[in-house]
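**Student:** Supplied in structure tokens, the structure appears directly below.
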Amino acid sequence: MTGPRTAARPWLVDLGVTLLVQAAVTMPFVVPRAPHLPAATWTAYGLTTLSVLPLLWRRRAPVAVLLAVLAAGGLYRFAVDGPGQPMPYQGLVALYTVAVLSPPAKRLGVAALTLAVIFPSVAHNTGEARELLFTLFLFGAAYAFGRLTDTRQRYTAAMEDRAAQLERANRIEAEQAAARERARIAREMHDILSHAVSLMVVQAEAGPVAVRTAPERAEAAFDAISETGRDAMAQLRRILGVLREGPDAPDGAPRSPQPGAAELPALLERVRGSGLRVGYEVAGPVRALPDALGATVYRVVQEALTNTVRHAGATAATVRLEYAADTLRITVVDDGRGPAGSGGRGHGLVGVRERAAAHGGVAEAGAGPDGRGFRVAVRLPLGGDADRVPADGAAVGR
């Protein structure tokens, strides 16, 4: 196996392999030789070195290198009477490289050519079956190891590619999750600020008139403004608190859940302080809702009433929660100008639809009964996490 640095510089590997093979073929020329064996001449050594040098280019042209090695070996055997080699190192390395790098047609053709060369070479040397079997085994093993190396490299590349794809997918998923979280926080802040500011503006506009005509109403209006502002600040701290993590987070950063359906009466009471008459009805067996679903119910009602206060010019509105076996229906109806005079109700209704869709529900908005006023209706599915609880009454009206 090669490390990242050697893989980035393959010529270092090829140089090392060539030097190693050169050292192996040099041994028969430097060890003492019996008098009856062929002499180790410089000519023979030079031709042996010539058969090793092509290995430097084995990656660039594996087939050509193998043919050059076989040609140099044949020239050495037939033209020079020099020391023999215990193993054909050059041919083994060259065939291994062809098996690793060449396409199927080339490597199979080269394997057939090598097999054809082995038989006359062995016959010219000793002609013994033992040498033939040993040579066939060596070259077969070199080819097999080459194919195993290619398979391993392809498998490693495939695993690395899959890991990269998974990493990209995880990064994209994390970015999408972050985007969804930013959108959620933006919706929460929009709902809180829009609701609070709308009520405060209505109360502030009515305050100067009330000071001159009914001081006690002016005092109540100012109390409502301060209460609405404090509630908005508390909710904003609660939302922003979830963004603070780790030991550096202030001890006072709230971590409590978002307001839910249980906080609707307090919300409606603050809205009534703006002068809007708000009725509240609950039908069906009340069920305890998961925190996320309860927060959605609260925000839907809050946004619908905020739109009524800001745009409708209404004097009264009705909020109705209807619990069924597997659904919860939320309906907010006012007696205002209706869709024609509402100016589209801003971006709040988009947030209502997004909140409903996040729970698999649907939201509708349009004219109220008989075409009068404005109506917001949301249907939310109730899963197994919503538990039925005793209700104080089947319906509550104010």
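So you can find residues: chains in the structure tokens are A, B, ... in the order shown, residues in each start at 1, and ligands are numbered from 1 in order.
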What are the nearest atom pairs, with distances in Å to one decimal, for all residues of range 80-146 of chain A that come at most 10 Å from range 49-67 of chain A, using only C-alpha atoms, set out by chain and rising residue number as CSV?

**Tutor:**
residue,atom,partner,partner_atom,distance
A:Tyr89,CA,A:Val52,CA,8.8
A:Gln90,CA,A:Val52,CA,6.0
A:Gly91,CA,A:Leu66,CA,6.5
A:Leu92,CA,A:Leu66,CA,9.0
A:Val93,CA,A:Leu55,CA,7.9
A:Ala94,CA,A:Leu66,CA,5.0
A:Leu95,CA,A:Leu66,CA,6.4
A:Tyr96,CA,A:Pro62,CA,9.2
A:Thr97,CA,A:Pro62,CA,6.1
A:Val98,CA,A:Pro62,CA,5.2
A:Ala99,CA,A:Pro62,CA,9.0
A:Val100,CA,A:Pro62,CA,9.3
A:Leu101,CA,A:Pro62,CA,7.3
A:Ser102,CA,A:Pro62,CA,7.3
A:Lys106,CA,A:Val63,CA,7.7
A:Arg107,CA,A:Val63,CA,8.0
A:Gly109,CA,A:Val63,CA,9.8
A:Val110,CA,A:Val63,CA,7.2
A:Leu113,CA,A:Leu67,CA,9.4
A:Thr114,CA,A:Leu66,CA,9.1

**Student:** Extract the full set of strand (DSSP E) residues from range 113-300 of chain A according to DSSP on the backbone, and format it as a list in words.

**Tutor:**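 Those residues are Arg277, Val278, Gly279, Tyr280, Glu281, Val282, Ala283, Arg287 and Ala288 of chain A.
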
**Student:** Atoms to include: all heavy atoms. Write the selected residues as a PDB file, in the first residue's frame.

**Tutor:**
ATOM      1  N   ARG A 277     -63.628  42.796  20.720  1.00  0.00           N
ATOM      2  CA  ARG A 277     -64.343  41.761  21.463  1.00  0.00           C
ATOM      3  C   ARG A 277     -63.984  40.390  20.868  1.00  0.00           C
ATOM      4  O   ARG A 277     -64.171  40.155  19.669  1.00  0.00           O
ATOM      5  CB  ARG A 277     -65.855  41.979  21.384  1.00  0.00           C
ATOM      6  CG  ARG A 277     -66.333  43.307  21.966  1.00  0.00           C
ATOM      7  CD  ARG A 277     -67.842  43.323  22.132  1.00  0.00           C
ATOM      8  NE  ARG A 277     -68.532  42.940  20.915  1.00  0.00           N
ATOM      9  CZ  ARG A 277     -68.852  43.810  19.956  1.00  0.00           C
ATOM     10  NH1 ARG A 277     -68.510  45.082  20.049  1.00  0.00           N
ATOM     11  NH2 ARG A 277     -69.512  43.393  18.879  1.00  0.00           N
ATOM     12  N   VAL A 278     -63.475  39.512  21.709  1.00  0.00           N
ATOM     13  CA  VAL A 278     -63.006  38.209  21.247  1.00  0.00           C
ATOM     14  C   VAL A 278     -63.741  37.111  21.991  1.00  0.00           C
ATOM     15  O   VAL A 278     -63.711  37.063  23.236  1.00  0.00           O
ATOM     16  CB  VAL A 278     -61.483  38.047  21.447  1.00  0.00           C
ATOM     17  CG1 VAL A 278     -61.016  36.710  20.862  1.00  0.00           C
ATOM     18  CG2 VAL A 278     -60.726  39.193  20.803  1.00  0.00           C
ATOM     19  N   GLY A 279     -64.421  36.259  21.259  1.00  0.00           N
ATOM     20  CA  GLY A 279     -65.051  35.087  21.842  1.00  0.00           C
ATOM     21  C   GLY A 279     -64.168  33.858  21.671  1.00  0.00           C
ATOM     22  O   GLY A 279     -63.388  33.766  20.721  1.00  0.00           O
ATOM     23  N   TYR A 280     -64.298  32.930  22.602  1.00  0.00           N
ATOM     24  CA  TYR A 280     -63.446  31.734  22.603  1.00  0.00           C
ATOM     25  C   TYR A 280     -64.320  30.520  22.821  1.00  0.00           C
ATOM     26  O   TYR A 280     -65.057  30.436  23.811  1.00  0.00           O
ATOM     27  CB  TYR A 280     -62.402  31.850  23.706  1.00  0.00           C
ATOM     28  CG  TYR A 280     -61.413  30.704  23.752  1.00  0.00           C
ATOM     29  CD1 TYR A 280     -60.931  30.108  22.590  1.00  0.00           C
ATOM     30  CD2 TYR A 280     -60.960  30.217  24.982  1.00  0.00           C
ATOM     31  CE1 TYR A 280     -60.019  29.067  22.650  1.00  0.00           C
ATOM     32  CE2 TYR A 280     -60.039  29.180  25.044  1.00  0.00           C
ATOM     33  CZ  TYR A 280     -59.579  28.605  23.880  1.00  0.00           C
ATOM     34  OH  TYR A 280     -58.665  27.570  23.949  1.00  0.00           O
ATOM     35  N   GLU A 281     -64.267  29.577  21.901  1.00  0.00           N
ATOM     36  CA  GLU A 281     -65.066  28.367  21.987  1.00  0.00           C
ATOM     37  C   GLU A 281     -64.165  27.144  21.825  1.00  0.00           C
ATOM     38  O   GLU A 281     -63.251  27.152  20.994  1.00  0.00           O
ATOM     39  CB  GLU A 281     -66.139  28.347  20.891  1.00  0.00           C
ATOM     40  CG  GLU A 281     -67.083  29.542  20.929  1.00  0.00           C
ATOM     41  CD  GLU A 281     -68.040  29.539  19.764  1.00  0.00           C
ATOM     42  OE1 GLU A 281     -67.902  28.633  18.901  1.00  0.00           O
ATOM     43  OE2 GLU A 281     -68.905  30.426  19.694  1.00  0.00           O
ATOM     44  N   VAL A 282     -64.459  26.124  22.613  1.00  0.00           N
ATOM     45  CA  VAL A 282     -63.750  24.844  22.525  1.00  0.00           C
ATOM     46  C   VAL A 282     -64.783  23.747  22.396  1.00  0.00           C
ATOM     47  O   VAL A 282     -65.702  23.655  23.240  1.00  0.00           O
ATOM     48  CB  VAL A 282     -62.859  24.593  23.752  1.00  0.00           C
ATOM     49  CG1 VAL A 282     -62.153  23.245  23.621  1.00  0.00           C
ATOM     50  CG2 VAL A 282     -61.845  25.704  23.913  1.00  0.00           C
ATOM     51  N   ALA A 283     -64.686  22.937  21.370  1.00  0.00           N
ATOM     52  CA  ALA A 283     -65.635  21.857  21.135  1.00  0.00           C
ATOM     53  C   ALA A 283     -64.897  20.526  21.094  1.00  0.00           C
ATOM     54  O   ALA A 283     -63.751  20.448  20.650  1.00  0.00           O
ATOM     55  CB  ALA A 283     -66.384  22.084  19.817  1.00  0.00           C
ATOM     56  N   ARG A 287     -57.623  17.617  24.213  1.00  0.00           N
ATOM     57  CA  ARG A 287     -56.478  16.707  24.287  1.00  0.00           C
ATOM     58  C   ARG A 287     -55.210  17.499  24.563  1.00  0.00           C
ATOM     59  O   ARG A 287     -55.054  18.636  24.104  1.00  0.00           O
ATOM     60  CB  ARG A 287     -56.328  15.937  22.972  1.00  0.00           C
ATOM     61  CG  ARG A 287     -57.569  15.148  22.599  1.00  0.00           C
ATOM     62  CD  ARG A 287     -57.432  14.470  21.263  1.00  0.00           C
ATOM     63  NE  ARG A 287     -56.418  13.429  21.280  1.00  0.00           N
ATOM     64  CZ  ARG A 287     -56.117  12.667  20.229  1.00  0.00           C
ATOM     65  NH1 ARG A 287     -56.762  12.853  19.093  1.00  0.00           N
ATOM     66  NH2 ARG A 287     -55.201  11.730  20.314  1.00  0.00           N
ATOM     67  N   ALA A 288     -54.340  16.916  25.359  1.00  0.00           N
ATOM     68  CA  ALA A 288     -53.034  17.533  25.609  1.00  0.00           C
ATOM     69  C   ALA A 288     -52.183  17.403  24.356  1.00  0.00           C
ATOM     70  O   ALA A 288     -52.034  16.313  23.800  1.00  0.00           O
ATOM     71  CB  ALA A 288     -52.345  16.850  26.788  1.00  0.00           C
TER      72      ALA A 288
END

**Student:** Quick one: residues within 12 Å of range 185-194 of chain A, only C-alpha atoms, excluding same-chain residues fewer than 5 positions away - as a VMD selection string?

**Tutor:** chain A and resid 178 to 180 199 to 201 228 to 243 258 to 259 267 295 to 296 298 to 310 345 to 355

**Student:** Residues at most 9 Å from Asp326 in chain A, counting only C-alpha atoms, excluding those fewer than 4 positions away in the same chain, as an NGL selection string?

**Tutor:** :A and (380-384)

**Student:** Quick one: residues within 12 Å of Phe119 in chain A, only C-alpha atoms counted, chain neighbours fewer than 3 positions away excluded, as a list in words?

**Tutor:**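 Final neighbour list, sorted by chain and number: Ala112, Leu113, Thr114, Leu115, Ala116, Val122, Ala123, His124, Asn125, Thr126, Gly127, Glu128, Ala129, Glu131, Leu132, Leu133, Phe134, Thr135 and Leu136 of chain A.
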
**Student:** Extract, using only C-alpha atoms, all DNA, RNA and protein residues at most 10 Å from Val202 in chain A, discarding same-chain residues fewer than 2 positions from it, and format them as a list in words.

**Tutor:**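 Within the cut-off, the hits are Val197, Ser198, Leu199, Met200, Ala204, Glu205, Ala206, Gly207, Ala221, Ile225, Gly273, Ser274, Gly275, Val309 and Arg310 of chain A.
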
**Student:** I'd like the interatomic distance between CA of Gly260 in chain A and CA of Pro290 in chain A, to a tenth of an Å.

**Tutor:** 8.9 Å
